[in-house]
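Read through the structure below, which is laid out as structure tokens, and then see the notes.
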Amino acid sequence: MTTAHRVRLTAGAVAVALSSLSALLLSPASAGADGKIPLGGGAGIVVNGDTYCTLTAIGADNTGALIGFTSAHCGGPGAQVASEERPDDGVIGTMVAGNDNLDYAVIRFDPAKVAPVSNYKGFVIDGIGPDPVFGQVACKLGRTTGYSCGVTWGPGQDPGTIVNQVCGQPGDSGAPVTVNNKLVGMIHGAFSEDLPTCVVKFIPLHTPAVTMSINAILGDIAAKNRPGTGFVPTPDVVGPA
């Protein structure tokens with residue numbers, strides 16, 4: 001604050017300001033006021049203490065359990081999940097199901113430790129969308145490469161895959177892929193090793209990413225009645241997490 005912008009505060013004004021600040025800090029709506037970790041699609045997670053991946057999305061299944069997803073190659077059932085941003089908080093979730101062919105893992109989070117958000121650092125997930133088609137712009141948020149967008153090329157070679165011109169590197173596995181803020185999939189890996197996996201300087205010459213369709217994943221979960229059946233992402237809220 002510059003000298004020109006300083007104002008004189010009376011004792012009464014100070015008291016009112018302190019009272020307002022105290023109320024804000026004690027409000028349940030304040031970020032971190034209850035000690036819970038805000039988690040949403042795009043958040044960095046640590047699996048079994050040494051594997052860094054990205055949370056796809058968080059929400060509730062048809063039992064009311066707090067559920068999230070990431071890639072199966074990050075870990076399998078029984079693997080322990082922690083927050084990358086707050087590792088000292090310890091284990092906040094456990095992988096309870098997965099499918100190596102569709103490369104998804106289901107995480108059951110502890111609602112006493114995790115506050116689910118739909119808007120994580122400006123990346124909004126507002127429901128589930130259909131598989132994108134050629135030409136549609138898809139976007140992703142990964143813990144390694146952050147935010148990037150690119151066109152959709154179409155279905156991949158393997159069942160349940162989609163090819164999008166988004167950027168991905170190790171650690172982005174599981175990163176949410178959206179179209180118009182609707183979740184359509186998660187990052188699986190690079191389409192080819194012949195090109196870089198991300199933008200090189202200002203030239204977007206990189207291999208596309210292979211995305212696992214969230215609809216294929218949720219269909220497999222429902223067919224096997226696994227945890228995560230009936231998954232609905234945490235509803236959209238106003239303001240960034």
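Chain labels A, B, ... are given in the sequence in which chains occur in the structure tokens; within each chain residues are numbered consecutively from 1, and ligands are likewise numbered from 1 in the order shown.
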Legend entry - Sel. of helix (DSSP H, G or I) residues, stretch 18-224 of chain A, as number ranges by chain: A: 18-26, 72-74, 87-89, 214-223
Inset, instruction - Could you give me, as a VMD selection string, the residues within 12 Å of A:Thr211, counting only C-alpha atoms and dropping anything in the same chain fewer than 6 positions from it? - result: chain A and resid 56 70 to 71 102 to 104 131 to 132 138 to 140 152 to 168 172 to 178 183 to 191 217
Inset, instruction - Excluding A:Arg143 and residues on its chain fewer than 4 positions from it, collect all residues at most 7 Å away from it, counting only C-alpha atoms, and give them as a ChimeraX atom specification. - result: /A:42-44,54,171-172
Include C-alpha atoms and write out the residues we just selected as an mmCIF file, in the first residue's frame.
data_model
loop_
_atom_site.group_PDB
_atom_site.id
_atom_site.type_symbol
_atom_site.label_atom_id
_atom_site.label_comp_id
_atom_site.auth_asym_id
_atom_site.auth_seq_id
_atom_site.Cartn_x
_atom_site.Cartn_y
_atom_site.Cartn_z
ATOM 1 C CA GLY A 42 -6.444 -31.616 -11.793
ATOM 2 C CA ALA A 43 -5.070 -31.870 -8.255
ATOM 3 C CA GLY A 44 -1.746 -33.615 -7.737
ATOM 4 C CA THR A 54 -3.329 -36.400 -11.164
ATOM 5 C CA GLY A 171 2.665 -37.137 -13.550
ATOM 6 C CA ASP A 172 -0.241 -36.000 -15.739
#
Legend entry - Pick from A:Lys182, A:Gly68, A:Asn225, A:Ser213, whichever lies nearest to A:Val117 using only C-alpha atoms: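 Using only C-alpha atoms, the shortest distance to A:Val117 belongs to A:Gly68.
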When you look at A:Ile67 with a cut-off of 7 Å (counting only C-alpha atoms), what residues show up, excluding the ones that are within fewer than 4 positions of it in the same chain? I need them as a compact mmCIF listing (two decimals) with N, CA and C atoms, in the first residue's frame.
# COMPACT_ATOMS: atom_id res chain seq x y z
N ILE A 58 -13.74 -35.69 -8.66
CA ILE A 58 -14.20 -36.12 -7.34
C ILE A 58 -15.70 -35.87 -7.25
N GLY A 59 -16.39 -36.73 -6.53
CA GLY A 59 -17.84 -36.61 -6.38
C GLY A 59 -18.37 -37.75 -5.55
N ALA A 60 -19.62 -38.11 -5.77
CA ALA A 60 -20.26 -39.16 -4.99
C ALA A 60 -20.79 -40.26 -5.88
N ASP A 61 -20.77 -41.51 -5.37
CA ASP A 61 -21.41 -42.61 -6.10
C ASP A 61 -22.80 -42.83 -5.54
N VAL A 106 -10.28 -46.46 -9.00
CA VAL A 106 -11.29 -45.79 -8.19
C VAL A 106 -10.72 -45.53 -6.79
N ILE A 107 -10.84 -44.30 -6.34
CA ILE A 107 -10.34 -43.92 -5.02
C ILE A 107 -11.51 -43.58 -4.11
N ARG A 108 -11.53 -44.17 -2.92
CA ARG A 108 -12.51 -43.76 -1.91
C ARG A 108 -11.81 -42.82 -0.94
N PHE A 109 -12.28 -41.58 -0.90
CA PHE A 109 -11.67 -40.57 -0.05
C PHE A 109 -12.33 -40.50 1.32
N GLY A 228 -18.05 -46.52 -7.02
CA GLY A 228 -18.06 -45.51 -8.08
C GLY A 228 -19.27 -45.62 -8.99
Legend entry - Nearest to A:Pro87 by atom-to-atom distance, counting only C-alpha atoms, from A:Leu141, A:Val46, A:Ala223, A:Leu39: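 Of all the options, A:Val46 lies closest to A:Pro87.
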Inset, instruction - Enter the distance from atom CA of A:Ser118 to atom CA of A:Thr207, in Å, rounded to one decimal. - result: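 These two atoms are separated by 28.8 Å.
As for atom CA of A:Gly150 and atom CA of A:Phe134, they are spaced 11.1 Å apart.
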Legend entry - stretch 77-84 of chain A environment, 6 Å, only C-alpha atoms, sequence neighbours closer than 3 positions dropped, as a PyMOL selection string: chain A and resi 44-48+87+90-97
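Reported to one decimal place, the separation of atom CA of A:Gly135 from atom CA of A:Phe69 is 26.4 Å.
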